[in-house]
Every structure is written in structure tokens, then in C-alpha cells.
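Report on one structure; see the data block that follows.
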There are 2 protein chains.
Amino acid sequence: MAELSTRPTKDVLTDVLLDITAQHGLEAVSVRQVAAAAGVSIGTVQHHFPTKDAMLGAAFTEVVRRIRERVANVVLGPDVQRNLTTVLRELLPLDERRATEVRIQVAFAARAATAPALAAVQADILAEVTESIARVIALAGHGTDGPETSRRKAHIALAAVDGLALHAVSSGSWLDPATLTDALDHLIGMLLVP
Amino acid sequence: MAELSTRPTKDVLTDVLLDITAQHGLEAVSVRQVAAAAGVSIGTVQHHFPTKDAMLGAAFTEVVRRIRERVANVVLGPDVQRNLTTVLRELLPLDERRATEVRIQVAFAARAATAPALAAVQADILAEVTESIARVIALAGHGTDGPETSRRKAHIALAAVDGLALHAVSSGSWLDPATLTDALDHLIGMLLVP
DNA sequence: TATGCCCCCATACGACTGTATGGTTCCCGG
DNA sequence: CCGGGAACCATACAGTCGTATGGGGGCATA
């Protein structure tokens, strides 16, 4: 008989936590809310995560995993310039799926500003993504950029994309997808001149 | 006798609220905390702000006022390119004072992502600051940019600066002031071609 | 069959939350 | 002089918070 594969409760819990975060913010996350939304008891949540901070830490780790996955899963084609567009577009809230991810990232980034434990994780993922983008830029540029120039450009590129994403989700729909892609195109144009 | 000019309690309360936000995040703000830090009773806070949401709204208005003031107070000199640097440097966490402001802004921006009332205010201030930067860019550019090009560049510039600021405060001290100013210099260099 | 671990549940405790209520003091216009 | 509002305080209420405690099935291994 076809086995109905039930996902591990622990994974369900972090998914539910991230859902609540995307919809109502990290301040709306409580043990009871997570338990209720996951359809389990409070005790079950406590069994998998001994404390709330541990639960948030695990959720942030999952967020980092998703970012890593999204950046890594971009298939690099022969058109090196288009690769840069593809990678950076993945980080913008161009549809509801990506908007949800951005809302989650923003929530954790804001909390990291006053929570050293989360800040360390944030620093790691930022460094890693910056390095990935730097590699794409090094290929997309005409090979004239040194590695330090590529990294500088990657810093700017990631900051600009994250800034656009932050502006978009924090201002309602002031920045529509069309404006975002337009801005991204011009950003890339600026990045690819030596 | 020299009058010890006591500031209005209402202003003290929003200042205290912003202090708490900068140090421990918006999630640490409670009516009791604000009252205690301001040295007044709970009832006094309620007298000036009938509800907590009203208090947060007033605080966000004060944040917006500060941003507006900081951008407007930049003295524009004859060196048009340097003006752009001056304005954008004011938005980066280059010292503790500006880092505090950035932490506050980030906290409210994140909350605005799931609070429509705050999102509207955020959209307003973003539009206004973008317009200000666009004017500076229009002057700093060699006059060859049309107004729509200036606004596009302003979008990118503000996003990049806010993104850098977000990365800096959310990752501990991964981005030091030297790296930030270096990135800003190169960003401006990129902005001022064509 | 018995032991022990894993997963899940129900409940309780103390602390903290936002808000409501009523009182006191002070000053200012009638 | 006196009514009234503004500013401030103390306390209380109902609800939610995170966490601790103890128990109950299921399943593998001894």
C-alpha cells in the first residue's frame, strides 16, 4: 500500500513557525501559536525544542538553508551576464513565494540586530552569499576585474538587492515587481562596466 | 533662578521607547518598560498614549521626522559629487549615533512588513527620501541624466545604502565602517557614469 | 515478557502583558 | 472662590507568555 509519508513533526513545527513569521511577524510567534497551527500540544513543541530560543535558532538555521539552496540551485548557463540576473532576481520579492521568503529574512535580520547569537549566523550567510555573487560577477565581467573588485561589486549588489527587497516588503506595494526588475536591470548594467 | 527646562513628558516617552528599541529591539518594548525607563508610572504613559499601538505610531512618526531632518540638514556645497557622498554617508552606521538610528529604522521597517498602518508611513518616507536623493544625483551627474534616470539611480542608491546598513547592524561587526565607506565610494563612482 | 526510550499530551505555576478604573494634586479661566 | 481639566499615580483584571512536571501509549531490544 502506498505509504502516506508523514513528515517529521520537528520539520512541520519550523515550517509553521516560518509561516506565522511571514504573515504576522516574528513578534507574533509563541509556543502556543506554533503548537496550535501545527495541530499538536504545547508539550510536543517543548519535546522537540526545549526552549523558545532554541526553536527560533532552528528556524533561523532553516532560513539560512533555504537561502543557500536558492542561490546554489541557480543553473549557470553559458550567458554569463544572464546568470547574474538570475541569481539576483531570486532574492527579490517578484512573486508571492519570494515575497514570503523576503518577509521571513527581514524579520530575522531585524532581530539579529539586537541578538548576538542570530547576528553570528547572519554574518556567516552574508559572507557566503557575497562570495557566491562575487564568483558570478567575476565570470560575467570581462575578466578584467581582480578578485577584490569582484567582491566589492558583490557587496554592493547584494546590499542593493536586499535593500530593494526590504523597501518593497516594508512599504506595502510601493515598489511593484516591474519597478524592481527595472531597477535590477540598471544595477547590473552599472555593475558590469569595469 | 536658572529655569531647569523640563522637556515634555510625551517627548521623553518616545525617546525612551526609541532607546529601548535600539538596544533590545521593538519586541522588548512594553508599556511598563517605557514607564520604568522614563521614571514615570504606567498611568502616565496611558495618559499620553491611550494605547500601545498609538505609542508605537507616534514613535515611528518621530523616526520619520529624524530621517527627514537628517537628509534635509545636509548642507549642499559647490562640490556636487561630494554632496551625494555626504547625504548617503548620513544613512550608514559609521558611528554609534548613526548605528543607533539604523537599528531603530530596521526595527520599524521589519514591523512594517506585517503592519499595514506602518507600511503606509514607510512608503511615504521612502518616496520622499528617494526624491531628495534624485535631486542631488541630478545635480551631481553631468546634467546628462533625465529626471527618470535620476530617480532610477536614486532608487538603487537608497536601496544599496539601506542594504549595507541592514547588513552591518544585523551581522554584528562583520561590515566595519572602513568597508562601508569603501563600498559607498565605489557605489557613487558607479552611479556617476553616463 | 519486561525495560527503556521516544513521542505526545494535559495541566499548572509564576511572571508579564495591555488596558480599565478611580483617586490626588495643581493650575488656570470664570 | 471655585469648577474643571490636565497631568500623574496606584491598583486591579483578564489574558498570554515561557516553562516545569508528570503521565500515557508504542515500539524496539534485552
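Identifiers in this document derive from the order of the C-alpha cells: chains are assigned A, B, ..., residues are numbered from 1 separately in each chain, and ligands are numbered from 1 in order of occurrence.
The interface of chain C with chain B at 10 Å, considering only C-alpha atoms (C1' of nucleotides), consists of C:DC16, C:DT17, C:DG18, C:DT19.
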Output C-alpha atoms (C1' of nucleotides) for every residue in the selection just made, as a short mmCIF file (atom, residue, chain, number, x, y, z; two decimals), in the first residue's frame.
```cif
data_model
loop_
_atom_site.label_atom_id
_atom_site.label_comp_id
_atom_site.auth_asym_id
_atom_site.auth_seq_id
_atom_site.Cartn_x
_atom_site.Cartn_y
_atom_site.Cartn_z
"C1'" DC C 16 4.38 39.57 32.38
"C1'" DT C 17 1.20 41.69 29.08
"C1'" DG C 18 -2.29 45.71 27.66
"C1'" DT C 19 -5.93 48.11 29.49
#
```
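Non-sequential neighbours of D:DA7 (distance at most 12 Å, separation of 3 or more positions within a chain, only C-alpha atoms (C1' of nucleotides)) are Pro8, Thr9, Lys10, Val40, Ser41, Gly43, Thr44, Val45, Gln46, His47 and His48 of chain B; DT24, DT25, DC26 and DC27 of chain C.
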* Could you pull out the alpha helix (DSSP H) residues of stretch 39-181 of chain B from DSSP and send them as JSON, numbers by chain? -> {"B": [42, 43, 44, 45, 46, 47, 48, 52, 53, 54, 55, 56, 57, 58, 59, 60, 61, 62, 63, 64, 65, 66, 67, 68, 69, 70, 71, 72, 80, 81, 82, 83, 84, 85, 86, 87, 88, 89, 96, 97, 98, 99, 100, 101, 102, 103, 104, 105, 106, 107, 108, 109, 110, 111, 112, 116, 117, 118, 119, 120, 121, 122, 123, 124, 125, 126, 127, 128, 129, 130, 131, 132, 133, 134, 135, 136, 137, 138, 139, 140, 147, 148, 149, 150, 151, 152, 153, 154, 155, 156, 157, 158, 159, 160, 161, 162, 163, 164, 165, 166, 167, 168, 169, 170, 177, 178, 179, 180, 181]}
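Atom CA of B:Ala160 sits 17.5 Å away from atom CA of A:Val193.
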Given identical sequences, can you show me chain B least-squares superposed on chain A via all its Cα atoms in order, as an mmCIF file with C-alpha atoms, in the first residue's frame?
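Saved to out04.cif:
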```cif
data_model
loop_
_atom_site.group_PDB
_atom_site.id
_atom_site.type_symbol
_atom_site.label_atom_id
_atom_site.label_comp_id
_atom_site.auth_asym_id
_atom_site.auth_seq_id
_atom_site.Cartn_x
_atom_site.Cartn_y
_atom_site.Cartn_z
ATOM 1 C CA MET B 1 -1.215 0.313 0.615
ATOM 2 C CA ALA B 2 0.287 3.624 -0.452
ATOM 3 C CA GLU B 3 2.128 4.924 2.569
ATOM 4 C CA LEU B 4 1.076 8.452 3.460
ATOM 5 C CA SER B 5 4.539 9.735 4.202
ATOM 6 C CA THR B 6 4.174 11.817 7.334
ATOM 7 C CA ARG B 7 6.908 14.402 7.631
ATOM 8 C CA PRO B 8 8.869 14.660 10.863
ATOM 9 C CA THR B 9 7.003 16.748 13.375
ATOM 10 C CA LYS B 10 10.110 18.788 14.021
ATOM 11 C CA ASP B 11 10.187 19.953 10.399
ATOM 12 C CA VAL B 12 6.482 20.724 10.448
ATOM 13 C CA LEU B 13 7.020 22.871 13.519
ATOM 14 C CA THR B 14 9.735 25.023 11.952
ATOM 15 C CA ASP B 15 7.672 25.339 8.780
ATOM 16 C CA VAL B 16 4.696 26.512 10.789
ATOM 17 C CA LEU B 17 6.900 28.940 12.675
ATOM 18 C CA LEU B 18 8.170 30.428 9.448
ATOM 19 C CA ASP B 19 4.623 30.675 8.114
ATOM 20 C CA ILE B 20 3.528 32.654 11.152
ATOM 21 C CA THR B 21 6.609 34.842 10.813
ATOM 22 C CA ALA B 22 5.871 35.595 7.176
ATOM 23 C CA GLN B 23 2.265 36.468 7.855
ATOM 24 C CA HIS B 24 2.269 38.210 11.222
ATOM 25 C CA GLY B 25 5.910 38.828 12.036
ATOM 26 C CA LEU B 26 8.324 37.256 14.477
ATOM 27 C CA GLU B 27 6.667 39.035 17.388
ATOM 28 C CA ALA B 28 3.511 36.979 16.808
ATOM 29 C CA VAL B 29 5.378 33.705 17.269
ATOM 30 C CA SER B 30 4.599 31.937 20.536
ATOM 31 C CA VAL B 31 4.875 28.350 21.616
ATOM 32 C CA ARG B 32 1.120 28.041 21.795
ATOM 33 C CA GLN B 33 0.584 29.570 18.346
ATOM 34 C CA VAL B 34 3.072 27.190 16.775
ATOM 35 C CA ALA B 35 1.539 24.215 18.551
ATOM 36 C CA ALA B 36 -1.989 25.172 17.525
ATOM 37 C CA ALA B 37 -1.078 25.865 13.902
ATOM 38 C CA ALA B 38 0.760 22.550 13.696
ATOM 39 C CA GLY B 39 -2.123 20.701 15.331
ATOM 40 C CA VAL B 40 -0.058 19.386 18.212
ATOM 41 C CA SER B 41 0.094 20.081 21.925
ATOM 42 C CA ILE B 42 2.355 22.486 23.752
ATOM 43 C CA GLY B 43 4.232 19.586 25.253
ATOM 44 C CA THR B 44 5.123 18.261 21.815
ATOM 45 C CA VAL B 45 6.733 21.539 20.863
ATOM 46 C CA GLN B 46 8.682 21.442 24.111
ATOM 47 C CA HIS B 47 9.746 17.903 23.401
ATOM 48 C CA HIS B 48 11.390 18.881 20.105
ATOM 49 C CA PHE B 49 12.642 22.307 21.215
ATOM 50 C CA PRO B 50 13.444 22.565 24.906
ATOM 51 C CA THR B 51 13.166 26.342 24.861
ATOM 52 C CA LYS B 52 11.706 29.025 22.646
ATOM 53 C CA ASP B 53 15.125 30.421 21.812
ATOM 54 C CA ALA B 54 16.179 26.978 20.618
ATOM 55 C CA MET B 55 13.120 26.892 18.391
ATOM 56 C CA LEU B 56 13.919 30.287 16.918
ATOM 57 C CA GLY B 57 17.519 29.288 16.416
ATOM 58 C CA ALA B 58 16.500 26.167 14.535
ATOM 59 C CA ALA B 59 14.105 28.193 12.417
ATOM 60 C CA PHE B 60 16.827 30.690 11.538
ATOM 61 C CA THR B 61 19.114 27.804 10.587
ATOM 62 C CA GLU B 62 16.370 26.593 8.269
ATOM 63 C CA VAL B 63 16.099 30.085 6.764
ATOM 64 C CA VAL B 64 19.817 30.100 6.116
ATOM 65 C CA ARG B 65 19.551 26.668 4.545
ATOM 66 C CA ARG B 66 16.870 27.946 2.184
ATOM 67 C CA ILE B 67 18.917 30.953 1.135
ATOM 68 C CA ARG B 68 21.938 28.783 0.506
ATOM 69 C CA GLU B 69 19.831 26.379 -1.503
ATOM 70 C CA ARG B 70 18.219 29.080 -3.591
ATOM 71 C CA VAL B 71 21.526 30.659 -4.499
ATOM 72 C CA ALA B 72 23.254 27.347 -5.139
ATOM 73 C CA ASN B 73 20.449 25.878 -7.214
ATOM 74 C CA VAL B 74 20.657 28.559 -9.868
ATOM 75 C CA VAL B 75 21.759 26.807 -13.005
ATOM 76 C CA LEU B 76 24.593 28.686 -14.570
ATOM 77 C CA GLY B 77 24.270 28.831 -18.344
ATOM 78 C CA PRO B 78 26.711 30.000 -20.977
ATOM 79 C CA ASP B 79 25.311 33.547 -20.938
ATOM 80 C CA VAL B 80 27.381 34.862 -18.043
ATOM 81 C CA GLN B 81 25.562 38.182 -17.781
ATOM 82 C CA ARG B 82 22.204 36.479 -17.598
ATOM 83 C CA ASN B 83 23.489 34.329 -14.746
ATOM 84 C CA LEU B 84 23.931 37.401 -12.592
ATOM 85 C CA THR B 85 20.392 38.471 -13.345
ATOM 86 C CA THR B 86 19.054 35.041 -12.450
ATOM 87 C CA VAL B 87 20.831 34.895 -9.111
ATOM 88 C CA LEU B 88 19.821 38.373 -8.009
ATOM 89 C CA ARG B 89 16.227 37.998 -9.209
ATOM 90 C CA GLU B 90 15.891 35.055 -6.861
ATOM 91 C CA LEU B 91 16.448 37.412 -3.915
ATOM 92 C CA LEU B 92 13.786 39.937 -4.911
ATOM 93 C CA PRO B 93 10.099 39.643 -3.923
ATOM 94 C CA LEU B 94 8.913 39.264 -7.503
ATOM 95 C CA ASP B 95 6.125 36.839 -6.653
ATOM 96 C CA GLU B 96 4.318 35.724 -3.531
ATOM 97 C CA ARG B 97 6.699 32.838 -2.906
ATOM 98 C CA ARG B 98 9.759 35.073 -2.955
ATOM 99 C CA ALA B 99 7.925 37.822 -1.045
ATOM 100 C CA THR B 100 7.250 35.321 1.729
ATOM 101 C CA GLU B 101 10.917 34.391 1.875
ATOM 102 C CA VAL B 102 11.920 38.033 1.998
ATOM 103 C CA ARG B 103 9.515 38.776 4.832
ATOM 104 C CA ILE B 104 11.024 35.941 6.830
ATOM 105 C CA GLN B 105 14.568 37.057 6.122
ATOM 106 C CA VAL B 106 13.781 40.636 7.075
ATOM 107 C CA ALA B 107 12.178 39.543 10.329
ATOM 108 C CA PHE B 108 15.239 37.537 11.362
ATOM 109 C CA ALA B 109 17.681 40.188 10.168
ATOM 110 C CA ALA B 110 15.928 42.774 12.296
ATOM 111 C CA ARG B 111 16.010 40.524 15.333
ATOM 112 C CA ALA B 112 19.684 39.795 14.669
ATOM 113 C CA ALA B 113 20.352 43.513 15.074
ATOM 114 C CA THR B 114 19.832 43.118 18.835
ATOM 115 C CA ALA B 115 20.503 39.382 19.283
ATOM 116 C CA PRO B 116 24.208 38.500 19.035
ATOM 117 C CA ALA B 117 23.561 34.766 18.606
ATOM 118 C CA LEU B 118 21.523 35.399 15.470
ATOM 119 C CA ALA B 119 23.964 38.061 14.286
ATOM 120 C CA ALA B 120 26.744 35.501 14.058
ATOM 121 C CA VAL B 121 24.628 33.270 11.820
ATOM 122 C CA GLN B 122 23.649 36.274 9.731
ATOM 123 C CA ALA B 123 27.287 37.258 9.281
ATOM 124 C CA ASP B 124 28.097 33.764 8.039
ATOM 125 C CA ILE B 125 25.364 33.594 5.442
ATOM 126 C CA LEU B 126 26.091 37.134 4.252
ATOM 127 C CA ALA B 127 29.746 36.306 3.734
ATOM 128 C CA GLU B 128 28.876 33.141 1.875
ATOM 129 C CA VAL B 129 26.304 34.694 -0.439
ATOM 130 C CA THR B 130 28.590 37.638 -1.110
ATOM 131 C CA GLU B 131 31.306 35.223 -2.156
ATOM 132 C CA SER B 132 28.940 33.367 -4.470
ATOM 133 C CA ILE B 133 27.846 36.587 -6.137
ATOM 134 C CA ALA B 134 31.453 37.691 -6.437
ATOM 135 C CA ARG B 135 32.238 34.553 -8.398
ATOM 136 C CA VAL B 136 29.337 35.147 -10.763
ATOM 137 C CA ILE B 137 30.422 38.747 -11.222
ATOM 138 C CA ALA B 138 33.998 37.705 -11.892
ATOM 139 C CA LEU B 139 32.727 35.527 -14.717
ATOM 140 C CA ALA B 140 30.178 38.021 -15.994
ATOM 141 C CA GLY B 141 32.671 40.864 -16.017
ATOM 142 C CA HIS B 142 34.988 40.803 -18.959
ATOM 143 C CA GLY B 143 37.629 39.162 -16.849
ATOM 144 C CA THR B 144 39.229 42.542 -16.257
ATOM 145 C CA ASP B 145 38.138 42.728 -12.626
ATOM 146 C CA GLY B 146 40.477 41.546 -9.936
ATOM 147 C CA PRO B 147 39.063 39.400 -7.129
ATOM 148 C CA GLU B 148 38.887 42.304 -4.721
ATOM 149 C CA THR B 149 36.957 44.366 -7.238
ATOM 150 C CA SER B 150 34.514 41.512 -7.739
ATOM 151 C CA ARG B 151 33.950 41.246 -4.030
ATOM 152 C CA ARG B 152 33.370 44.964 -3.717
ATOM 153 C CA LYS B 153 30.838 44.792 -6.505
ATOM 154 C CA ALA B 154 29.246 41.761 -4.878
ATOM 155 C CA HIS B 155 28.879 43.691 -1.623
ATOM 156 C CA ILE B 156 27.129 46.496 -3.442
ATOM 157 C CA ALA B 157 24.992 44.147 -5.503
ATOM 158 C CA LEU B 158 23.790 42.142 -2.519
ATOM 159 C CA ALA B 159 23.165 45.290 -0.500
ATOM 160 C CA ALA B 160 21.193 46.857 -3.320
ATOM 161 C CA VAL B 161 19.083 43.760 -3.873
ATOM 162 C CA ASP B 162 18.414 43.260 -0.173
ATOM 163 C CA GLY B 163 17.661 46.953 0.172
ATOM 164 C CA LEU B 164 15.199 46.814 -2.689
ATOM 165 C CA ALA B 165 13.608 43.737 -1.144
ATOM 166 C CA LEU B 166 13.373 45.447 2.237
ATOM 167 C CA HIS B 167 11.821 48.550 0.713
ATOM 168 C CA ALA B 168 9.332 46.480 -1.221
ATOM 169 C CA VAL B 169 8.006 44.377 1.664
ATOM 170 C CA SER B 170 8.095 47.176 4.239
ATOM 171 C CA SER B 171 6.179 49.702 2.162
ATOM 172 C CA GLY B 172 3.231 47.608 1.084
ATOM 173 C CA SER B 173 3.192 47.544 -2.674
ATOM 174 C CA TRP B 174 4.998 50.785 -3.245
ATOM 175 C CA LEU B 175 7.639 48.960 -5.300
ATOM 176 C CA ASP B 176 5.893 46.698 -7.770
ATOM 177 C CA PRO B 177 7.702 43.804 -9.481
ATOM 178 C CA ALA B 178 8.066 45.803 -12.683
ATOM 179 C CA THR B 179 9.900 48.593 -10.887
ATOM 180 C CA LEU B 180 12.073 46.055 -9.097
ATOM 181 C CA THR B 181 13.143 44.255 -12.268
ATOM 182 C CA ASP B 182 13.747 47.590 -13.935
ATOM 183 C CA ALA B 183 15.972 48.673 -11.064
ATOM 184 C CA LEU B 184 17.775 45.349 -11.102
ATOM 185 C CA ASP B 185 18.479 45.614 -14.822
ATOM 186 C CA HIS B 186 20.030 49.024 -14.397
ATOM 187 C CA LEU B 187 21.980 47.900 -11.359
ATOM 188 C CA ILE B 188 23.499 45.065 -13.343
ATOM 189 C CA GLY B 189 24.269 47.419 -16.184
ATOM 190 C CA MET B 190 26.158 49.615 -13.742
ATOM 191 C CA LEU B 191 27.986 46.685 -12.241
ATOM 192 C CA LEU B 192 29.286 45.393 -15.539
ATOM 193 C CA VAL B 193 31.133 48.495 -16.670
ATOM 194 C CA PRO B 194 34.925 48.517 -16.072
#
```
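The gap separating atom C1' of D:DT11 from atom C1' of C:DC13 is 22.7 Å, in Å to one decimal.
Note that the spacing between atom C1' of D:DC2 and atom C1' of C:DG22 amounts to 22.3 Å.
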Enumerate, in order of chain and increasing residue number, the residues of chain D with an atom no farther than 10 Å from chain A, each with its shortest atom pair and distance in Å to one decimal, counting only C-alpha atoms (C1' of nucleotides), as a tab-separated table.
```
residue	atom	partner	partner_atom	distance
D:DT16	C1'	A:Arg32	CA	9.3
D:DC17	C1'	A:Ser30	CA	7.8
D:DG18	C1'	A:Lys52	CA	7.5
D:DT19	C1'	A:Thr51	CA	7.9
```
